[in-house]
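*Asks:* Here you go, one structure.
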Amino acid sequence: MNAAKPYAVMIAALFFIFSAPFTKFIASRGYGFLHPEVGFVFLWLLLGALALGGLMIAGPRVLRPVLIAVPVFVFLYIEALKAMPRFLEAAVAAMGGIWATFAAGVVVFVAVFSGLYRKVGREIFSLLTIGFATVSCVVLATSGKPAPMWESRAGPPVRPDPALPALVHVVLDGQIGIDGLPARLAEGRGLRTELRRFYVSRGFRVFPRAFSHFPLTQESITNTLNGEVDPVAYKDVRPFRNGVTLKRNAWFKELAARGYSIDVIQSRFYDLCGTGAAASAPVSRCLSYSHADLRFFHGVEATAWQKAKLLFRHHLEVDLLPPLMPALLFYEQLRDAGFPLPALGAYRSVSASSLAALAAMERLGQRLGTLRRGEAVFAHILLPHAPFMLDRHCSPMKEVRRWAGRSNLLWAYGVTNTPEEWARRYQAYFAQSRCAHARLGRILDLLSGRPGLEDAVIVIHGDHGSKIVEQEPYARFRDEITARDIIDSYSTLFAVKVPGLGPGELMEQRSIQGLFAEFVMGKRIAGDHGDVFLQPNRGVVGPNQVRVRMVPLGPVNGSRATAR
């Protein structure tokens with residue numbers, strides 16, 4: 001019995017090392033521990049501890065400190081990454097790269113830990129057990145009440161002017177333009193026809209060849225709402241950990257000056273109701289949804305076993321991918337060198353954001369059911385944005401393995417989609433786009449024929465393309481980016497219904513920034529050119545950023561564009 005005790009302590013240490021991050025993950029998100037799927041994950045972690053412990057017991061003793069030091073280092077690295085991101089960025093720069101920094105950290109930590117193991121002996125397992133068990137207890141004791149899934153804020157009361165038409169402005173995040181849909185795929189051709197019919201039959205003037213100058217939400221929407229094309233638009237947002245707050249909003253300011261009351265339905269990723277936005281224009285009511293809240297999984301019809309997979313995969317995505325990215329990149333480099341390793345391209349995103357966006361569309365429908373003249377409603381809906389997990393009828397696909405992200409895990413390093421993966425992800429995208437428009441159709445039908453809303457202004461547009469690419473539109477990949485990559489990144493939807501502008505199609509290829517300014521704000525803007533801005537190596541675009549010509553989406557001087 002006494003001989004077995006050190007090994008039991010070793011297993012306990014491994015279990016608490018593995019489970020402490022997951023405990024923190026669940027507690028911080030308010031998911032609740034009394035769900036069977038959470039119990040399944042803890043069981044898997046225990047089995048993992050038993051497996052690694054068995055390897056340590058059966059293997060050479062010299063490997064024991066190494067095998068236990070690596071998971072301890074990963075845990076500490078994750079916490080340091082969250083607490084000191086700027087320090088680690090500086091370390092990465094000083095070391096000459098993220099892989100060198102991570103590898104050096106592992107080597108140094110293993111060496112120090114091995115020395116400590118030789119001095120302390122088996123007692124180190126007891127210390128680790130106590131330490132990581134304490135971490136879990138502290139997390140449970142201090143986690144507090146999680147942020148609500150929905151947050152409603154009321155601003156200064158505004159009496160809407162009944163002489164003004166009602167106004168509805170919806171942004172469908174990640175909705176590629178109609179003529180940007182890939183015609184090489186049969187479903188892409190079919191969806192082109194469906195979307196044309198969808199908008200024209202409801203009285204919209206649709207612009208199938210619209211595009212955005214920018215491939216990121218915070219730049220595209222910011223420029224659109226401020227009626228400009230400014231490559232340093234990031235100056236108008238204030239970043240926070242999981243998103244940005246808009247500091248300047250010319251469109252809302254203009255609506256308020258006309259006499260509109262303004263309601264907003266938004267994700268917390270892009271906040272139009274914060275202090276900066278409120279200073280620009282009063283928002284009467286603001287409903288924010290937590291776009292990545294795992295509690296939206298509670299309503300998914302799936303077994304506890306399937307939900308356990310969802311939770312564990314999401315835990316890996318959120319907490320383990322940042323520090324493991326260098327190792328994954330090294331893995332891909334080995335594959336490129338000819339080693340017979342399986343591809344990582346089958347990556348499936350398991351975020352709950354699509355479920356949250358679907359719930360936001362329901363709230364939008366409820367709000368438009370009471371819409372009156374002089375009221376403006378803005379909604380930013382994260383659909384058909386990845387993850388692609390909804391079928392065309394808006395039910396989560398029961399086979400979780402069919403859920404798809406938009407790209408490979410290592411997209412920022414230029415490891416994106418093969419042609420086969422590109423086509424497979426687009427199939428999932430088509431289904432989610434059809435879902436978004438099915439729900440949008442119900443909402444628009446609520447307004448049809450309502451007394452007083454005959455002249456309502458309705459604007460629906462995307463912010464960028466599907467971003468399902470074979471190469472990311474980064475400046476450093478300029479020579480590798482294809483015409484199809486440009487279309488997938490920048491082509492986006494634009495449709496408008498305003499008095500005096502009848503239904504139909506306008507085939508002119510222009511940016512949504514220019515179209516919104518002209519057809520909605522009633523002005524022309526500087527910089528409404530035919531170029532798009534590539535992303536720099538890090539983050540947002542800036543001054544002197546690389547520009548390339550937007551790929552033609554239709555006939556040019558009597559010929560068709562070649563990249564379809």
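The chains in the structure tokens are called A, B, ... from first to last as shown; in each chain the residues are counted from 1, and the ligands are counted from 1 in the order shown.
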Give me the residues within 10 Å of His529 in chain A as a list in words, counting only C-alpha atoms and dropping any in the same chain fewer than 3 places off.
*Replies:*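 Residues near the query, excluding close chain neighbours: His213, Val229, Arg510, Ser511, Gly514, Ile525, Ala526, Val532, Arg549 and Met550 of chain A.
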*Asks:* Could you write out that same residue set with N, CA and C atoms as a PDB file, in the first residue's frame?
*Replies:*
```
ATOM      1  N   HIS A 213     -13.555  47.781 -49.029  1.00  0.00           N
ATOM      2  CA  HIS A 213     -12.134  48.112 -49.154  1.00  0.00           C
ATOM      3  C   HIS A 213     -11.288  47.369 -48.133  1.00  0.00           C
ATOM      4  N   VAL A 229     -13.335  56.416 -46.486  1.00  0.00           N
ATOM      5  CA  VAL A 229     -12.430  55.312 -46.774  1.00  0.00           C
ATOM      6  C   VAL A 229     -11.083  55.707 -46.195  1.00  0.00           C
ATOM      7  N   ARG A 510     -18.748  48.673 -57.021  1.00  0.00           N
ATOM      8  CA  ARG A 510     -18.318  49.747 -56.118  1.00  0.00           C
ATOM      9  C   ARG A 510     -18.248  49.222 -54.694  1.00  0.00           C
ATOM     10  N   SER A 511     -17.579  49.980 -53.850  1.00  0.00           N
ATOM     11  CA  SER A 511     -17.423  49.561 -52.461  1.00  0.00           C
ATOM     12  C   SER A 511     -18.688  49.835 -51.669  1.00  0.00           C
ATOM     13  N   GLY A 514     -18.695  53.403 -50.379  1.00  0.00           N
ATOM     14  CA  GLY A 514     -19.205  54.409 -51.307  1.00  0.00           C
ATOM     15  C   GLY A 514     -20.691  54.279 -51.540  1.00  0.00           C
ATOM     16  N   ILE A 525     -18.194  60.386 -51.242  1.00  0.00           N
ATOM     17  CA  ILE A 525     -17.055  60.445 -50.335  1.00  0.00           C
ATOM     18  C   ILE A 525     -15.762  60.349 -51.110  1.00  0.00           C
ATOM     19  N   ALA A 526     -14.721  60.908 -50.534  1.00  0.00           N
ATOM     20  CA  ALA A 526     -13.392  60.808 -51.125  1.00  0.00           C
ATOM     21  C   ALA A 526     -12.848  59.401 -50.902  1.00  0.00           C
ATOM     22  N   VAL A 532      -8.479  47.603 -52.975  1.00  0.00           N
ATOM     23  CA  VAL A 532      -8.687  47.060 -51.637  1.00  0.00           C
ATOM     24  C   VAL A 532      -7.349  47.090 -50.903  1.00  0.00           C
ATOM     25  N   ARG A 549      -5.737  46.092 -56.838  1.00  0.00           N
ATOM     26  CA  ARG A 549      -6.990  46.331 -57.548  1.00  0.00           C
ATOM     27  C   ARG A 549      -7.987  45.231 -57.211  1.00  0.00           C
ATOM     28  N   MET A 550      -9.233  45.624 -56.922  1.00  0.00           N
ATOM     29  CA  MET A 550     -10.271  44.633 -56.698  1.00  0.00           C
ATOM     30  C   MET A 550     -10.517  43.857 -57.981  1.00  0.00           C
TER      31      MET A 550
END
```
*Asks:* I'd like the contact shell of Glu508 in chain A - 10 Å cut-off, only C-alpha atoms, skipping same-chain residues fewer than 2 positions apart - returned as a ChimeraX atom specification.
*Replies:* /A:207-210,505-506,510-511,553-554
*Asks:* Go ahead and write the selection's residues with N, CA and C atoms as a PDB file, in the first residue's frame.
*Replies:*
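Once everything was written out, this is selection16.pdb:
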```
ATOM      1  N   PHE A 207     -26.898  45.214 -55.283  1.00  0.00           N
ATOM      2  CA  PHE A 207     -25.643  45.482 -55.970  1.00  0.00           C
ATOM      3  C   PHE A 207     -24.794  44.209 -55.906  1.00  0.00           C
ATOM      4  N   PRO A 208     -24.935  43.303 -56.879  1.00  0.00           N
ATOM      5  CA  PRO A 208     -24.281  41.984 -56.793  1.00  0.00           C
ATOM      6  C   PRO A 208     -22.759  42.045 -56.783  1.00  0.00           C
ATOM      7  N   ARG A 209     -22.195  43.180 -57.266  1.00  0.00           N
ATOM      8  CA  ARG A 209     -20.734  43.259 -57.384  1.00  0.00           C
ATOM      9  C   ARG A 209     -20.118  44.190 -56.351  1.00  0.00           C
ATOM     10  N   ALA A 210     -20.826  44.412 -55.257  1.00  0.00           N
ATOM     11  CA  ALA A 210     -20.283  45.266 -54.197  1.00  0.00           C
ATOM     12  C   ALA A 210     -19.096  44.574 -53.528  1.00  0.00           C
ATOM     13  N   GLU A 505     -31.428  45.296 -60.075  1.00  0.00           N
ATOM     14  CA  GLU A 505     -29.994  45.120 -59.863  1.00  0.00           C
ATOM     15  C   GLU A 505     -29.231  46.253 -60.515  1.00  0.00           C
ATOM     16  N   LEU A 506     -28.201  46.709 -59.849  1.00  0.00           N
ATOM     17  CA  LEU A 506     -27.272  47.670 -60.423  1.00  0.00           C
ATOM     18  C   LEU A 506     -25.916  46.985 -60.457  1.00  0.00           C
ATOM     19  N   ARG A 510     -18.748  48.673 -57.021  1.00  0.00           N
ATOM     20  CA  ARG A 510     -18.318  49.747 -56.118  1.00  0.00           C
ATOM     21  C   ARG A 510     -18.248  49.222 -54.694  1.00  0.00           C
ATOM     22  N   SER A 511     -17.579  49.980 -53.850  1.00  0.00           N
ATOM     23  CA  SER A 511     -17.423  49.561 -52.461  1.00  0.00           C
ATOM     24  C   SER A 511     -18.688  49.835 -51.669  1.00  0.00           C
ATOM     25  N   LEU A 553     -15.823  41.478 -60.979  1.00  0.00           N
ATOM     26  CA  LEU A 553     -16.809  40.439 -60.688  1.00  0.00           C
ATOM     27  C   LEU A 553     -17.806  40.256 -61.823  1.00  0.00           C
ATOM     28  N   GLY A 554     -17.590  40.937 -62.917  1.00  0.00           N
ATOM     29  CA  GLY A 554     -18.501  40.844 -64.051  1.00  0.00           C
ATOM     30  C   GLY A 554     -17.806  41.276 -65.318  1.00  0.00           C
TER      31      GLY A 554
END
```
*Asks:* May I have the residues within 8 Å of Arg402 in chain A as a short mmCIF file (atom, residue, chain, number, x, y, z; two decimals) with N, CA and C atoms, in the first residue's frame, using only C-alpha atoms and disregarding those fewer than 3 positions away in the same chain?
*Replies:*
```cif
data_model
loop_
_atom_site.label_atom_id
_atom_site.label_comp_id
_atom_site.auth_asym_id
_atom_site.auth_seq_id
_atom_site.Cartn_x
_atom_site.Cartn_y
_atom_site.Cartn_z
N ARG A 348 -12.25 22.01 -37.14
CA ARG A 348 -13.66 22.36 -36.96
C ARG A 348 -13.77 23.34 -35.80
N MET A 389 -22.11 25.92 -38.69
CA MET A 389 -22.64 24.79 -37.93
C MET A 389 -24.15 24.63 -38.08
N MET A 397 -26.16 21.27 -37.04
CA MET A 397 -25.94 19.96 -37.66
C MET A 397 -25.61 18.94 -36.57
N GLU A 399 -24.22 16.08 -36.71
CA GLU A 399 -22.87 15.53 -36.81
C GLU A 399 -21.88 16.66 -36.60
N ALA A 428 -20.51 24.10 -46.28
CA ALA A 428 -21.08 24.43 -44.96
C ALA A 428 -21.49 25.90 -44.91
#
```
*Asks:* Just want the 9 Å neighbourhood of Asp173 in chain A, counted on only C-alpha atoms, with same-chain residues fewer than 4 positions away dropped. Output as a count of residues only.
*Replies:* 13
*Asks:* Calculated over only C-alpha atoms, which of the candidates A:Arg363, A:Lys119, A:Arg248, A:Arg197 has the smallest distance to Gln266 in chain A?
*Replies:* A:Arg363
*Asks:* Which residue gives the smallest distance to Val469 in chain A among A:Val107, A:Ile486, A:Ala337, A:Ala379, with only C-alpha atoms counted?
*Replies:* A:Ile486
*Asks:* Can you tell me which residues surround Val70 in chain A at a distance of at most 9 Å, considering only C-alpha atoms, apart from same-chain residues fewer than 3 positions away, and format the answer as a CSV table (one decimal) with N, CA and C atoms, in the first residue's frame?
*Replies:*
```
chain,number,residue,atom,x,y,z
A,65,PRO,N,10.6,13.8,-14.6
A,65,PRO,CA,10.5,15.3,-14.5
A,65,PRO,C,10.2,16.0,-15.9
A,66,VAL,N,10.7,15.4,-17.0
A,66,VAL,CA,10.4,16.0,-18.3
A,66,VAL,C,8.9,15.9,-18.6
A,67,LEU,N,8.3,14.7,-18.4
A,67,LEU,CA,6.9,14.5,-18.8
A,67,LEU,C,6.0,15.3,-17.9
A,73,PHE,N,4.6,23.8,-17.6
A,73,PHE,CA,5.1,24.9,-18.4
A,73,PHE,C,4.0,25.5,-19.3
A,74,VAL,N,3.2,24.6,-19.9
A,74,VAL,CA,2.2,25.1,-20.8
A,74,VAL,C,1.1,25.8,-20.0
A,75,PHE,N,0.8,25.3,-18.8
A,75,PHE,CA,-0.2,26.1,-17.9
A,75,PHE,C,0.4,27.4,-17.6
A,106,VAL,N,10.6,26.1,-23.0
A,106,VAL,CA,10.4,24.7,-22.6
A,106,VAL,C,11.7,24.1,-22.1
A,109,PHE,N,12.8,25.7,-18.7
A,109,PHE,CA,11.9,25.2,-17.6
A,109,PHE,C,12.1,23.8,-17.3
A,110,VAL,N,12.3,22.9,-18.3
A,110,VAL,CA,12.5,21.5,-18.0
A,110,VAL,C,13.8,21.3,-17.2
```
*Asks:* Enumerate as a ChimeraX atom specification all residues of range 233-278 of chain A assigned to strand (DSSP E or B) by DSSP on the backbone, naming them with the chain letters and numbers the document uses.
*Replies:* /A:237-240,243-246,261-267,270-271
*Asks:* Give me, please, the distance in Å between CA of Phe430 in chain A and CA of Gln366 in chain A, quoted to one decimal.
*Replies:*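 Distance reported for this atom pair: 26.0 Å.
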*Asks:* Using only C-alpha atoms, determine which residues lie at most 9 Å from Leu364 in chain A, disregarding the query and same-chain residues fewer than 2 positions distant; provide the list as a list in words.
*Replies:* Ile265, Ala359, Ala360, Met361, Glu362, Gln366, Arg367, Leu368, Gly369, Val377, Ala379 and Ile443 of chain A
*Asks:* With only C-alpha atoms as the atoms that count, which of A:Phe296, A:Tyr31, A:Phe42, A:Tyr77 lies nearest to Phe18 in chain A?
*Replies:*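 Smallest distance to Phe18 in chain A is found for A:Phe42.
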*Asks:* Between A:Glu375, A:Phe252, A:Ala69, A:Ala183, single out the one closest to Ala456 in chain A, counting only C-alpha atoms.
*Replies:*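 Of A:Glu375, A:Phe252, A:Ala69, A:Ala183, the one nearest Ala456 in chain A is A:Glu375, counting only C-alpha atoms.
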*Asks:* For Leu225 in chain A, find every residue with an atom within 8 Å (counting only C-alpha atoms), except residues of its own chain fewer than 2 positions away, and show them as a list in words.
*Replies:*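 Answer for this query is Ile221, Thr222, Asn223, Gly227, Asn249, Ala250, Trp251 and Phe252 of chain A.
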*Asks:* Those same residues - N, CA and C atoms - I'd like them written as an mmCIF file, in the first residue's frame.
*Replies:*
```cif
data_model
loop_
_atom_site.group_PDB
_atom_site.id
_atom_site.type_symbol
_atom_site.label_atom_id
_atom_site.label_comp_id
_atom_site.auth_asym_id
_atom_site.auth_seq_id
_atom_site.Cartn_x
_atom_site.Cartn_y
_atom_site.Cartn_z
ATOM 1 N N ILE A 221 -16.806 48.245 -41.090
ATOM 2 C CA ILE A 221 -18.006 48.886 -40.552
ATOM 3 C C ILE A 221 -17.696 50.288 -40.061
ATOM 4 N N THR A 222 -16.533 50.462 -39.459
ATOM 5 C CA THR A 222 -16.159 51.791 -38.967
ATOM 6 C C THR A 222 -16.119 52.797 -40.112
ATOM 7 N N ASN A 223 -15.497 52.439 -41.215
ATOM 8 C CA ASN A 223 -15.463 53.333 -42.370
ATOM 9 C C ASN A 223 -16.852 53.561 -42.947
ATOM 10 N N GLY A 227 -18.767 57.198 -43.137
ATOM 11 C CA GLY A 227 -18.846 57.768 -44.476
ATOM 12 C C GLY A 227 -17.514 58.150 -45.058
ATOM 13 N N ASN A 249 -18.990 57.853 -34.549
ATOM 14 C CA ASN A 249 -20.041 57.237 -35.358
ATOM 15 C C ASN A 249 -20.847 58.346 -36.038
ATOM 16 N N ALA A 250 -20.387 58.757 -37.212
ATOM 17 C CA ALA A 250 -21.028 59.860 -37.928
ATOM 18 C C ALA A 250 -22.454 59.522 -38.340
ATOM 19 N N TRP A 251 -22.724 58.264 -38.668
ATOM 20 C CA TRP A 251 -24.047 57.862 -39.113
ATOM 21 C C TRP A 251 -25.070 57.994 -37.982
ATOM 22 N N PHE A 252 -24.755 57.492 -36.814
ATOM 23 C CA PHE A 252 -25.663 57.613 -35.682
ATOM 24 C C PHE A 252 -25.860 59.079 -35.297
#
```
*Asks:* Find the residue from A:Ala495, A:Cys286, A:Ala133, A:Ala100 that sits nearest to Pro156 in chain A; use only C-alpha atoms when measuring.
*Replies:* A:Cys286
*Asks:* Just how far from CA of Glu123 in chain A is CA of Gly59 in chain A, in Å to one decimal?
*Replies:*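 We find that CA of Gly59 in chain A and CA of Glu123 in chain A lie 19.1 Å from each other.
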*Asks:* Hey, can you check how far CA of Ser143 in chain A sits from CA of Ala27 in chain A?
*Replies:*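 So the answer is 6.0 Å.
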*Asks:* Which of these, A:Arg118, A:Arg189, A:Arg202, A:Lys467, has the shortest distance to Trp411 in chain A once you count only C-alpha atoms?
*Replies:*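 For Trp411 in chain A, the nearest of the candidates is A:Lys467.
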